[in-house]
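The file input.csv contains CSV, C-alpha atoms:
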chain,number,residue,atom,x,y,z
F,297,MET,CA,-35.6,-1.5,-26.3
F,298,MET,CA,-33.6,-4.7,-27.2
F,299,HIS,CA,-30.4,-2.6,-27.4
F,300,ARG,CA,-30.9,-1.3,-23.9
F,301,ILE,CA,-31.6,-4.7,-22.5
F,302,THR,CA,-28.5,-6.2,-24.2
F,303,ARG,CA,-26.4,-3.4,-22.9
F,304,TYR,CA,-27.8,-3.7,-19.4
F,305,THR,CA,-27.2,-7.4,-19.3
F,306,ARG,CA,-23.6,-6.9,-20.6
F,307,THR,CA,-23.0,-4.3,-18.0
F,308,LEU,CA,-24.1,-6.6,-15.2
F,309,ALA,CA,-21.9,-9.4,-16.6
F,310,LEU,CA,-18.9,-7.0,-16.7
F,311,HIS,CA,-19.5,-5.8,-13.1
F,312,GLY,CA,-19.7,-9.4,-12.0
F,313,ALA,CA,-16.5,-10.3,-13.8
F,314,LEU,CA,-14.8,-7.2,-12.3
F,315,ALA,CA,-15.9,-8.3,-8.8
F,316,LEU,CA,-14.5,-11.7,-9.4
F,317,ALA,CA,-11.2,-10.3,-10.7
F,318,ILE,CA,-10.9,-8.0,-7.6
F,319,ALA,CA,-11.6,-11.0,-5.4
F,320,LEU,CA,-8.7,-13.0,-6.9
F,321,PRO,CA,-5.9,-13.3,-4.3
F,322,LEU,CA,-2.4,-12.3,-5.1
F,323,ARG,CA,0.0,-15.3,-5.1
F,324,ALA,CA,3.6,-16.0,-5.5
F,325,GLN,CA,4.7,-12.5,-4.5
F,326,ARG,CA,7.7,-11.5,-2.7
F,327,THR,CA,7.5,-8.5,-0.4
F,328,HIS,CA,10.2,-5.8,-0.1
F,329,VAL,CA,10.1,-3.3,2.8
F,330,LEU,CA,11.4,0.2,3.5
F,331,LEU,CA,10.8,1.8,6.9
F,332,VAL,CA,11.8,5.4,7.5
F,333,ILE,CA,11.9,7.1,10.9
F,334,GLY,CA,12.2,10.9,10.7
F,335,LEU,CA,13.4,13.3,13.3
F,336,SER,CA,11.6,12.7,16.6
F,337,GLY,CA,12.4,15.9,18.4
F,338,GLU,CA,11.8,14.4,21.9
F,339,PRO,CA,12.7,11.2,23.6
F,340,GLN,CA,9.1,10.1,24.0
F,341,PHE,CA,8.5,10.3,20.2
F,342,LYS,CA,11.8,8.6,19.5
F,343,ARG,CA,10.7,5.6,21.7
F,344,SER,CA,7.3,5.6,20.1
F,345,PHE,CA,8.6,5.7,16.5
F,346,GLU,CA,11.2,3.1,17.1
F,347,ALA,CA,8.7,0.8,18.8
F,348,SER,CA,6.4,1.1,15.7
F,349,ALA,CA,9.2,0.4,13.3
F,350,GLN,CA,10.2,-2.6,15.4
F,351,SER,CA,6.6,-3.9,15.2
F,352,ALA,CA,6.6,-3.5,11.4
F,353,ARG,CA,10.0,-5.1,11.1
F,354,ASN,CA,9.1,-8.1,13.2
F,355,ALA,CA,5.9,-8.6,11.1
F,356,ALA,CA,7.9,-8.4,7.9
F,357,LYS,CA,10.4,-11.0,9.1
F,358,SER,CA,8.1,-13.4,11.0
F,359,ARG,CA,4.8,-13.2,9.1
F,360,TRP,CA,5.6,-12.0,5.6
F,361,GLY,CA,8.9,-13.9,5.1
F,362,VAL,CA,10.8,-10.8,4.0
F,363,SER,CA,14.5,-11.5,3.5
F,364,ASP,CA,17.1,-9.4,5.2
F,365,SER,CA,18.3,-8.1,1.8
F,366,SER,CA,14.8,-6.8,1.1
F,367,LEU,CA,14.2,-5.2,4.5
F,368,ILE,CA,15.7,-1.7,5.0
F,369,VAL,CA,15.1,0.4,8.1
F,370,LEU,CA,16.4,4.0,8.2
F,371,THR,CA,16.4,5.9,11.5
F,372,GLU,CA,17.5,9.4,12.7
F,373,ASP,CA,20.6,7.9,14.4
F,374,SER,CA,23.9,8.7,12.9
F,375,VAL,CA,25.3,5.3,13.9
F,376,ARG,CA,23.9,1.9,13.0
F,377,THR,CA,21.9,0.1,15.7
F,378,ALA,CA,20.2,-3.3,15.9
F,379,LEU,CA,17.1,-1.7,14.3
F,380,SER,CA,18.8,0.6,11.8
F,381,SER,CA,20.2,-0.1,8.4
F,382,GLY,CA,21.4,3.5,8.1
F,383,ARG,CA,20.4,7.1,8.7
F,384,SER,CA,17.2,8.5,7.3
F,385,THR,CA,18.7,11.3,5.2
F,386,ARG,CA,17.1,12.2,1.8
F,387,GLU,CA,20.2,10.7,0.0
F,388,ASN,CA,19.9,7.4,1.9
F,389,ILE,CA,16.2,7.1,1.2
F,390,ALA,CA,16.9,7.6,-2.5
F,391,GLN,CA,19.6,5.0,-2.4
F,392,ALA,CA,17.2,2.6,-0.6
F,393,PHE,CA,14.7,2.9,-3.4
F,394,LEU,CA,17.4,2.3,-5.9
F,395,THR,CA,18.6,-0.8,-4.0
F,396,LEU,CA,15.2,-2.3,-3.8
F,397,SER,CA,14.5,-1.5,-7.5
F,398,SER,CA,17.3,-3.9,-8.4
F,399,ARG,CA,15.7,-6.7,-6.3
F,400,VAL,CA,12.0,-6.5,-7.1
F,401,GLN,CA,10.4,-8.6,-9.8
F,402,PRO,CA,7.1,-8.1,-11.6
F,403,GLY,CA,4.2,-9.0,-9.3
F,404,ASP,CA,6.2,-8.3,-6.1
F,405,VAL,CA,5.0,-6.0,-3.4
F,406,LEU,CA,6.9,-2.9,-2.2
F,407,PHE,CA,5.8,-1.7,1.2
F,408,VAL,CA,7.0,1.7,2.4
F,409,MET,CA,6.2,3.4,5.7
F,410,LEU,CA,7.2,6.8,6.9
F,411,MET,CA,7.1,7.7,10.6
F,412,GLY,CA,7.6,11.0,12.2
F,413,HIS,CA,6.4,14.6,12.2
F,414,GLY,CA,5.1,15.9,8.9
F,415,SER,CA,3.9,19.1,7.3
F,416,GLY,CA,1.5,19.6,4.4
F,417,ASP,CA,1.9,21.8,1.4
F,418,GLY,CA,0.5,19.8,-1.6
F,419,ALA,CA,3.3,18.3,-3.7
F,420,GLN,CA,5.8,19.9,-1.3
F,421,SER,CA,4.5,18.0,1.8
F,422,LYS,CA,7.3,16.5,3.9
F,423,VAL,CA,8.2,14.4,6.8
F,424,ASN,CA,11.0,15.9,8.9
F,425,LEU,CA,14.4,14.2,8.3
F,426,PRO,CA,18.0,14.7,9.4
F,427,GLY,CA,19.2,17.3,6.9
F,428,PRO,CA,17.1,18.4,3.9
F,429,ASP,CA,13.6,17.0,3.8
F,430,ALA,CA,12.3,15.0,0.9
F,431,THR,CA,9.1,16.2,-0.6
F,432,ALA,CA,6.1,14.2,-1.7
F,433,THR,CA,7.2,15.0,-5.3
F,434,GLU,CA,10.5,13.3,-4.7
F,435,TYR,CA,8.8,10.2,-3.2
F,436,ALA,CA,6.6,10.1,-6.2
F,437,SER,CA,9.7,10.2,-8.5
F,438,TRP,CA,11.4,7.4,-6.5
F,439,LEU,CA,8.3,5.2,-6.8
F,440,ALA,CA,7.9,5.9,-10.6
F,441,GLY,CA,10.1,2.9,-11.5
F,442,PHE,CA,7.9,0.4,-9.6
F,443,THR,CA,5.1,0.1,-12.2
F,444,LYS,CA,5.0,-3.7,-12.4
F,445,GLN,CA,4.8,-4.1,-8.6
F,446,GLN,CA,2.0,-3.6,-6.1
F,447,VAL,CA,3.1,-0.5,-4.1
F,448,VAL,CA,1.8,0.2,-0.6
F,449,PHE,CA,3.0,3.7,0.6
F,450,VAL,CA,2.1,4.6,4.2
F,451,ASN,CA,2.8,8.0,5.6
F,452,ALA,CA,1.9,7.7,9.2
F,453,ALA,CA,3.2,11.1,10.2
F,454,THR,CA,1.1,14.1,11.3
F,455,GLY,CA,-0.2,16.5,8.6
F,456,SER,CA,0.2,13.7,6.0
F,457,GLY,CA,-3.1,14.0,4.0
F,458,ASP,CA,-1.6,15.9,1.0
F,459,PHE,CA,0.5,12.8,0.2
F,460,VAL,CA,-2.6,11.0,-1.2
F,461,PRO,CA,-3.2,13.2,-4.2
F,462,ALA,CA,0.5,13.7,-4.7
F,463,LEU,CA,1.3,10.0,-4.8
F,464,LYS,CA,-1.8,8.1,-5.8
F,465,ALA,CA,-1.4,6.1,-9.1
F,466,PRO,CA,-2.5,2.9,-10.7
F,467,ASN,CA,-1.3,-0.2,-8.9
F,468,ARG,CA,-0.5,1.8,-5.8
F,469,VAL,CA,-2.2,2.2,-2.4
F,470,VAL,CA,-1.4,5.3,-0.4
F,471,VAL,CA,-2.4,5.4,3.3
F,472,THR,CA,-2.1,8.6,5.4
F,473,ALA,CA,-2.6,9.1,9.1
F,474,THR,CA,-4.6,12.3,8.5
F,475,LYS,CA,-7.1,13.4,5.8
F,476,THR,CA,-5.7,16.9,5.6
F,477,SER,CA,-2.5,18.7,6.1
F,478,ASN,CA,-4.2,20.7,8.9
F,479,GLU,CA,-4.5,17.7,11.2
F,480,ARG,CA,-1.1,18.3,12.9
F,481,ASN,CA,-1.7,17.3,16.5
F,482,GLU,CA,0.1,14.3,17.9
F,483,SER,CA,-1.2,11.2,16.1
F,484,VAL,CA,-1.8,7.7,17.5
F,485,PHE,CA,-2.6,6.1,14.1
F,486,LEU,CA,1.0,4.9,13.6
F,487,GLN,CA,1.2,2.7,16.7
F,488,TYR,CA,-2.1,1.0,15.9
F,489,PHE,CA,-1.3,0.5,12.2
F,490,ALA,CA,2.2,-0.8,12.8
F,491,GLY,CA,1.0,-3.0,15.6
F,492,ALA,CA,-1.8,-4.4,13.5
F,493,LEU,CA,0.6,-5.6,10.8
F,494,GLY,CA,1.5,-8.5,13.1
F,495,MET,CA,-1.8,-9.1,14.9
F,496,ASP,CA,-4.2,-12.0,14.3
F,497,ALA,CA,-7.0,-9.7,15.7
F,498,ALA,CA,-6.7,-7.5,12.5
F,499,ASP,CA,-7.4,-10.5,10.3
F,500,ALA,CA,-11.1,-9.9,9.8
F,501,ASP,CA,-11.8,-12.8,7.4
F,502,LYS,CA,-9.5,-15.2,9.4
F,503,ASP,CA,-7.7,-16.4,6.2
F,504,GLY,CA,-4.2,-16.2,7.8
F,505,ARG,CA,-3.3,-13.2,5.7
F,506,LEU,CA,-3.6,-9.5,6.4
F,507,SER,CA,-4.8,-7.3,3.6
F,508,VAL,CA,-3.7,-3.6,3.7
F,509,PHE,CA,-7.4,-2.7,4.1
F,510,GLU,CA,-7.9,-5.0,7.1
F,511,VAL,CA,-4.9,-3.4,8.8
F,512,PHE,CA,-6.1,0.1,7.9
F,513,ARG,CA,-9.7,-0.6,9.1
F,514,PHE,CA,-8.4,-2.1,12.4
F,515,ALA,CA,-6.1,0.8,13.1
F,516,ARG,CA,-8.8,3.4,12.2
F,517,THR,CA,-11.2,1.7,14.6
F,518,GLU,CA,-8.7,1.6,17.4
F,519,VAL,CA,-7.9,5.3,16.9
F,520,GLY,CA,-11.6,6.1,17.2
F,521,LYS,CA,-11.8,4.2,20.5
F,522,VAL,CA,-8.8,6.2,21.9
F,523,TYR,CA,-10.6,9.5,21.3
F,524,THR,CA,-14.0,8.2,22.5
F,525,SER,CA,-12.6,6.8,25.7
F,526,SER,CA,-10.8,10.0,26.6
F,527,ASN,CA,-13.8,12.1,25.6
F,528,ARG,CA,-11.8,14.2,23.2
F,529,MET,CA,-12.7,15.5,19.7
F,530,GLN,CA,-10.9,13.4,17.2
F,531,THR,CA,-8.2,15.4,15.5
F,532,GLU,CA,-6.9,12.7,13.0
F,533,HIS,CA,-8.8,10.8,10.3
F,534,ALA,CA,-6.8,8.3,8.3
F,535,LEU,CA,-7.2,7.9,4.5
F,536,VAL,CA,-6.6,5.1,2.0
F,537,SER,CA,-6.4,6.0,-1.7
F,538,ASP,CA,-7.8,2.8,-3.2
F,539,SER,CA,-9.8,0.5,-0.9
F,540,LEU,CA,-10.3,-2.1,-3.6
F,541,LEU,CA,-6.6,-2.6,-4.2
F,542,ALA,CA,-6.0,-2.3,-0.5
F,543,ALA,CA,-8.3,-5.3,0.0
F,544,ARG,CA,-6.4,-7.3,-2.5
F,545,VAL,CA,-2.8,-6.7,-1.5
F,546,ALA,CA,-2.2,-9.0,1.5
F,547,PHE,CA,0.7,-10.2,3.6
F,548,GLY,CA,1.0,-13.5,5.4
F,549,LYS,CA,1.6,-17.2,5.1
F,550,THR,CA,1.1,-17.9,1.4
F,551,ALA,CA,4.5,-18.9,0.0
F,552,ALA,CA,5.8,-18.2,-3.4
F,553,SER,CA,5.4,-20.9,-6.0
F,554,ALA,CA,8.5,-23.0,-6.8
F,555,ASN,CA,7.1,-23.5,-10.3
F,556,PRO,CA,8.6,-20.9,-12.6
F,557,ARG,CA,5.7,-21.3,-15.0
F,558,ILE,CA,3.2,-20.4,-12.3
F,559,THR,CA,5.3,-17.4,-11.2
F,560,ALA,CA,5.4,-16.1,-14.8
F,561,LEU,CA,1.7,-16.5,-15.3
F,562,ILE,CA,1.0,-14.7,-12.0
F,563,ALA,CA,3.2,-11.8,-13.1
F,564,GLU,CA,1.3,-11.6,-16.4
F,565,ARG,CA,-2.0,-11.6,-14.5
F,566,GLN,CA,-0.9,-8.8,-12.3
F,567,ALA,CA,0.2,-6.8,-15.3
F,568,LEU,CA,-3.4,-7.2,-16.6
F,569,GLU,CA,-4.7,-6.2,-13.2
F,570,SER,CA,-2.6,-3.0,-13.5
F,571,GLU,CA,-4.2,-2.3,-16.8
F,572,VAL,CA,-7.6,-2.6,-15.2
F,573,ALA,CA,-6.6,-0.2,-12.5
F,574,SER,CA,-5.2,2.2,-15.1
F,575,LEU,CA,-8.4,1.9,-17.2
F,576,ARG,CA,-10.5,2.8,-14.2
F,577,THR,CA,-8.7,6.2,-13.9
F,578,LYS,CA,-9.6,6.9,-17.6
F,579,LYS,CA,-13.3,6.1,-17.4
F,580,ALA,CA,-14.5,9.7,-17.2
F,581,SER,CA,-12.6,10.6,-20.4
F,582,MET,CA,-13.9,7.7,-22.5
F,583,THR,CA,-17.3,6.9,-24.0
F,584,ALA,CA,-19.3,4.2,-22.2
F,585,GLU,CA,-19.0,1.9,-25.2
F,586,ALA,CA,-15.2,2.2,-25.5
F,587,TYR,CA,-14.7,1.8,-21.7
F,588,GLU,CA,-16.9,-1.4,-21.6
F,589,ALA,CA,-15.2,-2.9,-24.6
F,590,GLU,CA,-11.8,-2.4,-23.2
F,591,LEU,CA,-12.9,-3.6,-19.7
F,592,GLU,CA,-14.4,-6.7,-21.3
F,593,ARG,CA,-11.1,-7.4,-23.2
F,594,LEU,CA,-9.1,-7.1,-20.0
F,595,LEU,CA,-11.5,-9.2,-17.9
F,596,LEU,CA,-11.5,-12.0,-20.5
F,597,ALA,CA,-7.8,-12.0,-20.5
F,598,LEU,CA,-7.7,-12.1,-16.7
F,599,ALA,CA,-10.1,-15.0,-16.7
F,600,GLU,CA,-8.0,-16.9,-19.2
F,601,LYS,CA,-4.8,-16.2,-17.2
F,602,THR,CA,-6.4,-17.3,-14.0
F,603,GLN,CA,-7.6,-20.5,-15.6
F,604,ALA,CA,-4.1,-21.1,-16.9
F,605,ILE,CA,-2.7,-20.6,-13.4
F,606,ARG,CA,-5.1,-23.1,-11.9
F,607,ALA,CA,-4.4,-25.6,-14.7
F,608,ALA,CA,-0.7,-25.3,-13.8
F,609,GLY,CA,-1.5,-26.2,-10.2
F,610,GLY,CA,-1.3,-22.6,-8.9
F,611,GLY,CA,-4.7,-22.7,-7.2
F,612,ALA,CA,-5.3,-19.0,-7.9
Translate this file's structure into structure tokens.
Amino acid sequence: MMHRITRYTRTLALHGALALAIALPLRAQRTHVLLVIGLSGEPQFKRSFEASAQSARNAAKSRWGVSDSSLIVLTEDSVRTALSSGRSTRENIAQAFLTLSSRVQPGDVLFVMLMGHGSGDGAQSKVNLPGPDATATEYASWLAGFTKQQVVFVNAATGSGDFVPALKAPNRVVVTATKTSNERNESVFLQYFAGALGMDAADADKDGRLSVFEVFRFARTEVGKVYTSSNRMQTEHALVSDSLLAARVAFGKTAASANPRITALIAERQALESEVASLRTKKASMTAEAYEAELERLLLALAEKTQAIRAAGGGA
């Protein structure tokens, strides 16, 4: 009886500590952005995709403080424009990931958004590009090197649902405009998601920062209103792979610390957060005792790291 009570009390304490760890905001992060517009097919889609890309680009520059060197926009155009950094070919997308990989630091955020017409076929799912299309497997391989960063990958194309199982991983949020590859009708999720990235109205807790989950929830609600107001059956249902991580990764007005000690401590804390995320994926294959022991070790380390950040003046 005493053993059960002790274990129950310990479990409650661990859950409380985990909730606290999840609530800790991410600080001193830099954000790096890759926006990819695929083939539009028709002028109306081209205008819509470019308007959404422009909304995301403006939010990145004005609200998130993303530098020009960390903001890449690829479009279907063969010549560069005021919006475009280059053409959205498979080779240029691969090069963009390589370029950003040389600029990111541990603890930074990588935000990727695909816009266009998609098709679903499991790991072979695609978004239509000029020339050969890149598959979900290829995107996963390009993201493989960003293990020490928070990665947000948004596929706002039609038929995008298969990208979630193909790309989801620890320390990564995957958002798709549809829940299955069969939802292939024209989607409105992109315009609301991209627009919300720069909207105060999407900031549900009014803290001056927009979490990925706040943007997702706002866009999903607006999509529902569109179908309800037009009395149509909803043919798109957006997905997010990890709502807890999506609630923690946020963009906005918090500036990176000028104190290198604080920056280093925050990077160390985010590495521990990545270990917690990885542990969660292994829970089903572990005994309850082993899982709780490892979780306790990580949460204690997180608490100590957070205390060190506060002691250094980080206010984490």
Using all atoms listed in the file, what does the table of region 319-370 of chain F residues within 12 Å of region 486-495 of chain F look like, with each row giving the shortest atom pair and its distance in Å to one decimal, sorted by chain and ascending number, as CSV?
residue,atom,partner,partner_atom,distance
F:Leu331,CA,F:Ala490,CA,10.7
F:Ile333,CA,F:Leu486,CA,11.4
F:Phe341,CA,F:Gln487,CA,11.1
F:Arg343,CA,F:Gln487,CA,11.1
F:Ser344,CA,F:Gln487,CA,7.6
F:Phe345,CA,F:Gln487,CA,8.0
F:Glu346,CA,F:Gln487,CA,10.0
F:Ala347,CA,F:Gln487,CA,8.0
F:Ser348,CA,F:Ala490,CA,5.4
F:Ala349,CA,F:Ala490,CA,7.1
F:Gln350,CA,F:Ala490,CA,8.6
F:Ser351,CA,F:Gly491,CA,5.7
F:Ala352,CA,F:Ala490,CA,5.3
F:Arg353,CA,F:Ala490,CA,9.1
F:Asn354,CA,F:Gly494,CA,7.6
F:Ala355,CA,F:Gly494,CA,4.8
F:Ala356,CA,F:Gly494,CA,8.2
F:Lys357,CA,F:Gly494,CA,10.1
F:Ser358,CA,F:Gly494,CA,8.5
F:Arg359,CA,F:Gly494,CA,7.0
F:Trp360,CA,F:Gly494,CA,9.2
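Here CA of Arg480 (chain F) is placed at a distance of 14.8 Å from CA of Gly337 (chain F).
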With all atoms listed in the file as the basis for distance, which of F:Leu367, F:Val405, F:Leu410, F:Ala534 is at the shortest distance from Ser380 (chain F)? F:Leu367
For Val329 (chain F), which residue out of F:Lys422, F:Glu532, F:Thr517, F:Phe547 is the nearest one, using all atoms listed in the file?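 Distance minimum relative to Val329 (chain F) lands on F:Phe547.
Taking CA of Pro461 (chain F) and CA of Val519 (chain F) as endpoints, the distance between them is 23.0 Å.
Closest approach to Ala465 (chain F) from the set F:Ala573, F:Leu396, F:Met529, F:Ala608 is made by F:Ala573, with distances taken over all atoms listed in the file.
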From the set F:Gln603, F:Gln566, F:Ser384, F:Ser398, which residue has the shortest atom-to-atom contact distance to Ala430 (chain F), counting all atoms listed in the file?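 Of all the options, F:Ser384 lies closest to Ala430 (chain F).
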Using all atoms listed in the file, determine which residues lie at most 8 Å from region 500-512 of chain F, disregarding the query and same-chain residues fewer than 4 positions distant; provide the list as a ChimeraX atom specification. /F:448,471,489,492-493,496,516,536,539,542-550
Counting all atoms listed in the file, note down every residue that has an atom within 9 Å of the point (12.1, 10.2, 14.0) (file coordinates), as a compact mmCIF listing (two decimals) with C-alpha atoms, in the frame of the given file.
# COMPACT_ATOMS: atom_id res chain seq x y z
CA VAL F 332 11.80 5.40 7.50
CA ILE F 333 11.90 7.10 10.90
CA GLY F 334 12.20 10.90 10.70
CA LEU F 335 13.40 13.30 13.30
CA SER F 336 11.60 12.70 16.60
CA GLY F 337 12.40 15.90 18.40
CA GLU F 338 11.80 14.40 21.90
CA PHE F 341 8.50 10.30 20.20
CA LYS F 342 11.80 8.60 19.50
CA PHE F 345 8.60 5.70 16.50
CA GLU F 346 11.20 3.10 17.10
CA THR F 371 16.40 5.90 11.50
CA GLU F 372 17.50 9.40 12.70
CA ASP F 373 20.60 7.90 14.40
CA SER F 384 17.20 8.50 7.30
CA MET F 411 7.10 7.70 10.60
CA GLY F 412 7.60 11.00 12.20
CA HIS F 413 6.40 14.60 12.20
CA ASN F 424 11.00 15.90 8.90
CA LEU F 425 14.40 14.20 8.30
CA PRO F 426 18.00 14.70 9.40
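Here CA of Leu379 (chain F) is placed at a distance of 26.8 Å from CA of Ser437 (chain F).
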